[in-house]
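Below is one structure, written out as structure tokens, with a few remarks after it.
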Amino acid sequence: MTMRWLKVMLLSMTTAMAAHGLVSKSALGTMPDGTAVDLYTLKSDGIEASIMTYGARVVSIKTADRAGTMSNVVLGYSSLDAYLADKTTYFGAIVGRYGNRIALGKFSLNGHQYQVPVNNNANSLHGGTLGFDKLVWQGREITDGVEMTLVSKDGDQGYPGTLTVHVRYTVHHNALRIDYVVSTDKPTVVNLTNHSYFNLSADNKPILNEELMLPADQYTPVDAGLIPTGVLAPVEGTPFDFRKSTVIGARIHDDNEQLKIAGGYDHNWVLRGKNGEVKTAARVYDPASGRVLTVTTTEPGVQFYSGNFLDGAKFGKAQEGHVKNSGLCLETQHFPDSPNHPKFPTTELKPGETRHSTTTFTFSTQAK
Ligand code: BGC
């Protein structure tokens, strides 16, 4: 074999290796009860993502800007203690058992009434007071990533059925993929999502100059408590029309009742395409850095939350730097309060069924 061929072979081998994730594990700290919290770092040729076992949270995602500089594009804290002190932002977490809201924390299933904790005004948010975001998951290295496992017992936060949840984070070139696999031993409701706050400029400043595209013709308007009214309203002619890529701040202060209720965007968009099939959920472009984030999912909806309740002062040191609108969430999901809206795609899960859902965050850059 000639030297030239040897070089070509070695080069393609290294590229192939880098396309796969290199996974490493380190100790991050301990919970107040002494439980160890680990950090898994997944690295491919285009991305480096760190995930911790506390809340199965994405702690950082490093991707390249237009000039090739790698920076962290998600909000987070530098210490475990800061994460523990913050009960309301859900930075990077897997939220569950029911992501987003359930009206008054009440629903019925097969003739049984259930009451889950009310922790957001009159409603239940993100699984209750001790949701999946605040529990330590079991981490296990897998090819290209990490699998996080949680068993939520029958009655946990008032929900029926022992739920077994596997969330797999894997990296492939410039993408972070999340696979959710869930099963139960009694009928229950499930709505899992990832609550990362993206800031493609990687600068903690408001994301209002970033441009967003949401391929959705309808959204679910909400009442004063951010519970869907049940109507699927057309986005046409409203500040909720992101079918063409639009600067996020362009209409956020419009005189619009829905924007006023939420203090900005905090709504569920009804994605085109079939529930269960992979489709584009969102595309964000940051003109400053050139970074582009494309989100694809099998879920029927996406909650675009413009970080309206972030408040740098709220927790003293804990939220330092994370000012209002300094990050945006694209929470792929079933619609909020689905258990009380029979016409929404169902969130019910029965014994013997396995629910599998996938969301991928792919990063690229765009020229000016
Ligand atoms: C909700 C917001 C909430 C935030 C928690 C989002 O998923 O839609 O209303 O404030 O999570 O920080």
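Labels used: A, B, ... for chains in the order of the structure tokens, numbers from 1 for residues in each chain, and numbers from 1 for ligands as shown.
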Per DSSP on the backbone, filter region 41-287 of chain A down to the residues in strand (DSSP E or B) and report them as number ranges by chain. A: 41-43, 48-52, 54, 57-64, 70-72, 74, 94-95, 98, 101-102, 106-109, 112-115, 120, 123-125, 136, 138-142, 145-152, 163-172, 175-184, 188-189, 191, 193-194, 198, 211-213, 216-220, 222, 228, 233-234, 246-247, 266-271, 279-285
Create the file for the chosen residues now, containing C-alpha atoms and written as a compact mmCIF listing (two decimals), in the first residue's frame.
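What landed in out_35.txt:
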# COMPACT_ATOMS: atom_id res chain seq x y z
CA THR A 41 -19.77 14.38 28.24
CA LEU A 42 -20.58 13.31 24.69
CA LYS A 43 -18.29 14.47 21.93
CA GLU A 48 -19.89 18.51 22.67
CA ALA A 49 -22.81 18.02 25.05
CA SER A 50 -22.74 17.51 28.81
CA ILE A 51 -25.62 15.79 30.56
CA MET A 52 -25.95 15.27 34.32
CA TYR A 54 -29.74 15.29 38.30
CA ARG A 57 -30.33 17.69 32.45
CA VAL A 58 -28.44 19.09 29.51
CA VAL A 59 -25.78 21.20 31.19
CA SER A 60 -24.01 22.49 28.09
CA ILE A 61 -23.98 22.13 24.32
CA LYS A 62 -20.92 23.45 22.54
CA THR A 63 -21.23 24.14 18.83
CA ALA A 64 -19.32 26.20 16.28
CA MET A 70 -17.08 26.47 19.79
CA SER A 71 -19.25 27.95 22.59
CA ASN A 72 -21.97 26.79 24.93
CA VAL A 74 -27.66 26.60 26.47
CA ILE A 94 -36.28 16.31 31.29
CA VAL A 95 -39.66 17.35 32.64
CA TYR A 98 -46.49 15.52 32.62
CA ARG A 101 -49.73 22.28 32.67
CA ILE A 102 -52.72 20.29 33.91
CA LYS A 106 -57.06 17.39 38.09
CA PHE A 107 -57.87 14.78 35.49
CA SER A 108 -59.83 11.57 35.23
CA LEU A 109 -58.84 8.31 33.65
CA HIS A 112 -60.91 7.48 38.46
CA GLN A 113 -60.26 11.09 39.49
CA TYR A 114 -56.66 12.09 40.09
CA GLN A 115 -55.24 15.12 41.85
CA ASN A 120 -48.15 27.09 39.34
CA ASN A 123 -52.46 24.59 38.10
CA SER A 124 -49.93 21.78 38.01
CA LEU A 125 -46.74 22.45 36.03
CA VAL A 136 -31.39 11.76 40.22
CA GLN A 138 -29.45 6.31 36.68
CA GLY A 139 -26.85 6.96 33.97
CA ARG A 140 -25.37 4.27 31.70
CA GLU A 141 -22.91 4.75 28.87
CA ILE A 142 -24.23 3.57 25.49
CA GLY A 145 -24.09 8.69 24.34
CA VAL A 146 -25.77 8.06 27.63
CA GLU A 147 -29.00 6.41 28.68
CA MET A 148 -30.75 7.91 31.69
CA THR A 149 -33.26 5.71 33.50
CA LEU A 150 -35.90 6.63 36.06
CA VAL A 151 -38.57 4.51 37.70
CA SER A 152 -41.44 6.63 38.98
CA LEU A 163 -43.59 4.36 35.00
CA THR A 164 -40.26 3.21 33.61
CA VAL A 165 -38.54 5.93 31.62
CA HIS A 166 -35.41 5.63 29.48
CA VAL A 167 -34.07 8.81 27.91
CA ARG A 168 -31.16 8.32 25.52
CA TYR A 169 -28.98 11.25 24.56
CA THR A 170 -26.66 10.58 21.62
CA VAL A 171 -24.44 12.73 19.42
CA HIS A 172 -23.98 12.30 15.67
CA ALA A 175 -26.64 16.84 16.27
CA LEU A 176 -27.84 15.93 19.73
CA ARG A 177 -30.61 13.37 19.59
CA ILE A 178 -32.99 12.52 22.42
CA ASP A 179 -34.95 9.26 22.42
CA TYR A 180 -37.66 8.70 25.02
CA VAL A 181 -38.90 5.18 25.76
CA VAL A 182 -41.65 4.85 28.35
CA SER A 183 -43.82 2.05 29.73
CA THR A 184 -46.27 1.69 32.63
CA THR A 188 -51.54 6.73 33.17
CA VAL A 189 -50.77 9.97 31.34
CA ASN A 191 -45.83 14.00 28.44
CA THR A 193 -39.89 16.94 27.01
CA ASN A 194 -36.51 18.58 27.33
CA PHE A 198 -31.03 28.07 23.84
CA GLU A 211 -34.97 34.60 13.97
CA LEU A 212 -37.48 31.80 14.37
CA MET A 213 -39.38 29.62 11.96
CA ALA A 216 -47.31 25.41 12.15
CA ASP A 217 -50.62 26.80 10.87
CA GLN A 218 -52.32 26.71 14.26
CA TYR A 219 -51.52 27.21 17.93
CA THR A 220 -53.41 26.60 21.16
CA VAL A 222 -54.55 29.96 26.57
CA PRO A 228 -55.31 25.94 26.54
CA ALA A 233 -56.54 28.91 16.37
CA PRO A 234 -55.03 29.90 13.02
CA THR A 246 -39.16 36.15 11.68
CA VAL A 247 -37.15 38.10 14.24
CA ASP A 266 -45.27 30.78 26.00
CA HIS A 267 -47.60 28.76 23.79
CA ASN A 268 -47.99 25.44 22.07
CA TRP A 269 -47.86 25.33 18.26
CA VAL A 270 -49.65 22.54 16.39
CA LEU A 271 -47.06 21.01 14.09
CA LYS A 279 -41.03 16.44 11.11
CA THR A 280 -39.43 19.84 11.53
CA ALA A 281 -40.56 21.56 14.72
CA ALA A 282 -38.52 24.76 14.54
CA ARG A 283 -35.53 26.53 13.04
CA VAL A 284 -33.67 29.31 14.82
CA TYR A 285 -31.06 31.53 13.16
Once you count only C-alpha atoms and all ligand atoms, which residues end up within 8 Å of ligand 1, and could you hand them over as a list in words?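 Listed by chain and ascending number, the contacts are Thr88, Thr89, Tyr90, Phe91, Gly99, Asn100, Arg101, Leu125, His126, His195, Leu226, Ala262, Asp266, His267, Gln303, Phe304, Tyr305, Gly307, Asn308, Phe309, Leu310, Cys329 and Glu331 of chain A.
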Need to verify the contact set: Thr53 (chain A), 6 Å, only C-alpha atoms, exclusion of same-chain residues closer than 3 positions in sequence. Can you return it as a list of chain:residue names? A:Val37, A:Asp38, A:Ala56, A:Val136, A:Trp137
Contacts of Thr69 (chain A) at 12 Å or less, counting only C-alpha atoms, minus same-chain residues fewer than 4 places along, as a VMD selection string? chain A and resid 46 to 47 62 to 65 73 201 to 202 289 to 291 365
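The nearest approach to His341 (chain A) among the residues A:Val278, A:Ala103, A:Leu192, A:Ala224, with only C-alpha atoms taken into account, belongs to A:Ala103.
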For Ser79 (chain A), work out the shell of residues within 12 Å, counting only C-alpha atoms and skipping chain neighbours fewer than 5 positions away, then give it as a list in words.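 Selected residues are Leu28, Gly29, Thr30, Met31, Val37, Leu39, Met52, Tyr54, Val59, Leu84, Ala85, Asp86, Lys317, Ala318 and Gln319 of chain A.
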Which residues, written as a ChimeraX atom specification, have at least one atom at most 6 Å from Gln333 (chain A), with only C-alpha atoms counted and residues fewer than 5 positions away on the same chain left out? /A:193,299,301-302
Print the selection's residues with all heavy atoms to a file, as a PDB file, in the first residue's frame.
ATOM      1  N   THR A 193     -40.606  16.060  27.938  1.00  0.00           N
ATOM      2  CA  THR A 193     -39.888  16.941  27.014  1.00  0.00           C
ATOM      3  C   THR A 193     -38.563  17.343  27.632  1.00  0.00           C
ATOM      4  O   THR A 193     -38.286  17.029  28.787  1.00  0.00           O
ATOM      5  CB  THR A 193     -40.730  18.185  26.659  1.00  0.00           C
ATOM      6  OG1 THR A 193     -40.084  18.898  25.596  1.00  0.00           O
ATOM      7  CG2 THR A 193     -40.892  19.131  27.834  1.00  0.00           C
ATOM      8  N   GLU A 299     -43.141  14.399  17.977  1.00  0.00           N
ATOM      9  CA  GLU A 299     -44.245  14.913  18.806  1.00  0.00           C
ATOM     10  C   GLU A 299     -45.201  15.766  17.966  1.00  0.00           C
ATOM     11  O   GLU A 299     -44.791  16.357  16.961  1.00  0.00           O
ATOM     12  CB  GLU A 299     -43.676  15.753  19.960  1.00  0.00           C
ATOM     13  CG  GLU A 299     -42.961  14.934  21.028  1.00  0.00           C
ATOM     14  CD  GLU A 299     -43.914  14.055  21.822  1.00  0.00           C
ATOM     15  OE1 GLU A 299     -45.031  14.485  22.125  1.00  0.00           O
ATOM     16  OE2 GLU A 299     -43.530  12.906  22.122  1.00  0.00           O
ATOM     17  N   GLY A 301     -46.629  18.639  18.951  1.00  0.00           N
ATOM     18  CA  GLY A 301     -46.598  20.067  19.252  1.00  0.00           C
ATOM     19  C   GLY A 301     -45.233  20.540  19.712  1.00  0.00           C
ATOM     20  O   GLY A 301     -44.343  19.733  20.013  1.00  0.00           O
ATOM     21  N   VAL A 302     -45.091  21.872  19.780  1.00  0.00           N
ATOM     22  CA  VAL A 302     -43.870  22.447  20.343  1.00  0.00           C
ATOM     23  C   VAL A 302     -44.262  23.680  21.148  1.00  0.00           C
ATOM     24  O   VAL A 302     -45.056  24.506  20.683  1.00  0.00           O
ATOM     25  CB  VAL A 302     -42.813  22.779  19.257  1.00  0.00           C
ATOM     26  CG1 VAL A 302     -43.277  23.843  18.272  1.00  0.00           C
ATOM     27  CG2 VAL A 302     -41.484  23.213  19.891  1.00  0.00           C
TER      28      VAL A 302
END
Write out as a PyMOL selection string all residues of region 9-139 of chain A that backbone DSSP assigns to alpha helix (DSSP H). chain A and resi 9-19+80-85
When distances are computed from only C-alpha atoms, which of A:Leu135, A:Val23, A:Ile207, A:Gly225 shows the smallest separation from Asn119 (chain A)?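 The shortest atom-to-atom distance to Asn119 (chain A) comes from A:Gly225.
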Would you work out the distance separating CA of Phe361 (chain A) from CA of Leu293 (chain A), expressed in Å to one decimal?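 These atoms are spaced 6.5 Å apart.
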Each residue of region 236-340 of chain A with at least one atom at most 7 Å from region 344-351 of chain A should appear once, together with its nearest atom pair and the corresponding distance in Å (one decimal); atoms considered: only C-alpha atoms; ordering: chain, then increasing residue number; output as CSV.
residue,atom,partner,partner_atom,distance
A:His334,CA,A:Thr347,CA,6.9
A:Phe335,CA,A:Phe344,CA,6.9
A:Ser338,CA,A:Phe344,CA,5.8
A:Pro339,CA,A:Thr347,CA,6.7
Skipping near chain neighbours, those fewer than 5 positions away, what residues fall within 10 Å of Leu130 (chain A) using only C-alpha atoms, listed as a PyMOL selection string? chain A and resi 87+96+117+119+135+156-157
